[in-house]
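Peer 1: Submitted below is the structure of interest, expressed as structure tokens.
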Amino acid sequence: MRLRNKPWAKDKLMEYPQYVIQEPESHRGKWDEIFGNDRPLHIEIGTGKGRFILGMAEANPETNYIGIELQPSVIVSALDLLIEAELPNCKLMNVDAAELGKYFANKDVSRVYLNFSDPWPKTRHEKRRLTYKSFLAQYEEILGSGGEVHFKTDNQGLFEYSLTSFSAYGMLLKDVSLDLHNSTMEGNIMTEYEEKFSAKGNRIYRCEAQFRG
Ligand code: SAM
């Protein structure tokens, strides 16, 4: 993600506590209080400018969504979309996904979305990939058995790595597409990167992986 520094972004995120979760650790184990209901919670890690998470929230009002993004200068664009859309089932969190267990207790979350995650192609950076085994262990902790990770990317190397990583972890691969936009999947919501890379002719890969009991 090309980053334009916006020094005011952090202040703006704090001005909208109804959309941007402040002190997320204080809601661990009680996210239903934030949404005012106990509907399933799906989170996207590395949500970028928010197109996907807002699109999902709009299409699925019976599900709660949180978009998690590390960079204030990026997530502030998602906030702008959310201020416009006023979706009650969508919130944003400006935190590092490396610490998910601080914010979510076991079974707080029922699905994790990873979309166009940074590929970190060098072997020495493997631990930074969001499908590395230490991240999978965190997802398992917050999802519990039966929880699912849905992953999309245009990066063939990252996709191959991730399939191997899911499988080595013992996850069940439920659905794999090597060309999402020419598949039978209905209701796909595009991300910013997906829009950009598919317009260039890149193939989009997708899979669903589930933690076993
Ligand atoms: N998902 C969006 C899309 O498909 O258009 C953005 C993709 S962009 C390549 C990856 C995003 O993940 C960046 O905005 C980056 O800041 C974010 N990110 C990377 N590592 C993260 C982490 N550990 N926690 C939260 N966000 C992270």
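How things are named: the first chain in the structure tokens is A, the next is B, and so on; residues count from 1 in each chain; ligands count from 1 in the order shown.
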Kindly provide, as an MDAnalysis selection string, all nucleotide and amino acid residues lying within 7 Å of ligand 1, counting only C-alpha atoms and all ligand atoms.
Peer 2: chainID A and resid 1 45:49 68:71 74 95:98 114:118 191:194
Peer 1: Could you list, as a ChimeraX atom specification, every residue within 10 Å of region 160-168 of chain A, counting only C-alpha atoms and ignoring same-chain residues fewer than 6 positions away?
Peer 2: /A:119,121,126,129-133,136,149,151,176,205,207-211
Peer 1: The selected residues should be written to file as a CSV table (one decimal), in the first residue's frame (atoms: C-alpha atoms).
Peer 2:
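In the end it all went to selection_36.csv:
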```csv
chain,number,residue,atom,x,y,z
A,119,PRO,CA,3.7,-11.0,0.4
A,121,PRO,CA,8.7,-12.7,-0.6
A,126,GLU,CA,8.5,-15.4,6.4
A,129,ARG,CA,3.4,-13.2,6.4
A,130,LEU,CA,-0.1,-13.1,7.8
A,131,THR,CA,-0.4,-16.8,6.9
A,132,TYR,CA,2.7,-17.9,8.8
A,133,LYS,CA,2.1,-20.5,11.5
A,136,LEU,CA,-2.5,-19.1,12.3
A,149,VAL,CA,-10.0,-18.1,7.3
A,151,PHE,CA,-7.9,-15.6,1.9
A,176,VAL,CA,-9.8,-23.3,-3.6
A,205,TYR,CA,-6.6,-16.7,-6.2
A,207,CYS,CA,-9.3,-20.2,-0.6
A,208,GLU,CA,-11.2,-21.0,2.5
A,209,ALA,CA,-9.5,-22.9,5.3
A,210,GLN,CA,-11.1,-24.2,8.5
A,211,PHE,CA,-9.6,-25.1,11.9
```
Peer 1: I'd like to know which of A:Gly67, A:Gly101, A:Gly170, A:Gly201 is closest to Val20 (chain A), using only C-alpha atoms.
Peer 2: A:Gly67
Peer 1: So, counting only C-alpha atoms, which residue among A:Asp108, A:Glu84, A:Glu23, A:Glu195 is closest to Gly147 (chain A)?
Peer 2: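 Using only C-alpha atoms, Gly147 (chain A) sits closest to A:Asp108.
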Peer 1: By how many Å are CA of Gln22 (chain A) and CA of Pro72 (chain A) apart?
Peer 2: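 So the answer is 13.2 Å.
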Peer 1: Skipping near chain neighbours, those fewer than 2 positions away, what residues fall within 8 Å of Glu25 (chain A) using only C-alpha atoms, listed as a list in words?
Peer 2: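 Non-adjacent residues within range: Glu23, His27, Arg28, Lys102, Tyr103 and Phe104 of chain A.
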Peer 1: What parts of region 8-67 of chain A does DSSP call strand (DSSP E or B)? I'd like the answer as a JSON list (two decimals) with N, CA and C atoms, in the first residue's frame.
Peer 2:
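Saved file part27.json follows:
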```json
[["chain", "number", "residue", "atom", "x", "y", "z"],
["A", 20, "VAL", "N", -14.57, 3.89, 15.26],
["A", 20, "VAL", "CA", -13.21, 3.38, 15.47],
["A", 20, "VAL", "C", -13.11, 2.95, 16.94],
["A", 41, "LEU", "N", -19.26, -12.40, 14.56],
["A", 41, "LEU", "CA", -18.30, -11.33, 14.28],
["A", 41, "LEU", "C", -17.24, -11.83, 13.29],
["A", 42, "HIS", "N", -17.11, -11.13, 12.17],
["A", 42, "HIS", "CA", -16.09, -11.43, 11.17],
["A", 42, "HIS", "C", -15.10, -10.27, 11.14],
["A", 43, "ILE", "N", -13.81, -10.60, 11.09],
["A", 43, "ILE", "CA", -12.81, -9.52, 11.04],
["A", 43, "ILE", "C", -11.96, -9.64, 9.78],
["A", 44, "GLU", "N", -11.52, -8.49, 9.29],
["A", 44, "GLU", "CA", -10.56, -8.49, 8.17],
["A", 44, "GLU", "C", -9.26, -7.91, 8.68],
["A", 45, "ILE", "N", -8.17, -8.60, 8.38],
["A", 45, "ILE", "CA", -6.87, -8.13, 8.84],
["A", 45, "ILE", "C", -6.11, -7.50, 7.69],
["A", 64, "ASN", "N", -21.72, -8.97, 12.14],
["A", 64, "ASN", "CA", -20.91, -7.82, 12.58],
["A", 64, "ASN", "C", -19.51, -7.91, 11.97],
["A", 65, "TYR", "N", -18.94, -6.77, 11.66],
["A", 65, "TYR", "CA", -17.63, -6.74, 11.01],
["A", 65, "TYR", "C", -16.69, -5.75, 11.69],
["A", 66, "ILE", "N", -15.43, -6.15, 11.79],
["A", 66, "ILE", "CA", -14.39, -5.20, 12.22],
["A", 66, "ILE", "C", -13.24, -5.26, 11.21],
["A", 67, "GLY", "N", -12.86, -4.11, 10.69],
["A", 67, "GLY", "CA", -11.70, -4.00, 9.81],
["A", 67, "GLY", "C", -10.50, -3.57, 10.64]]
```
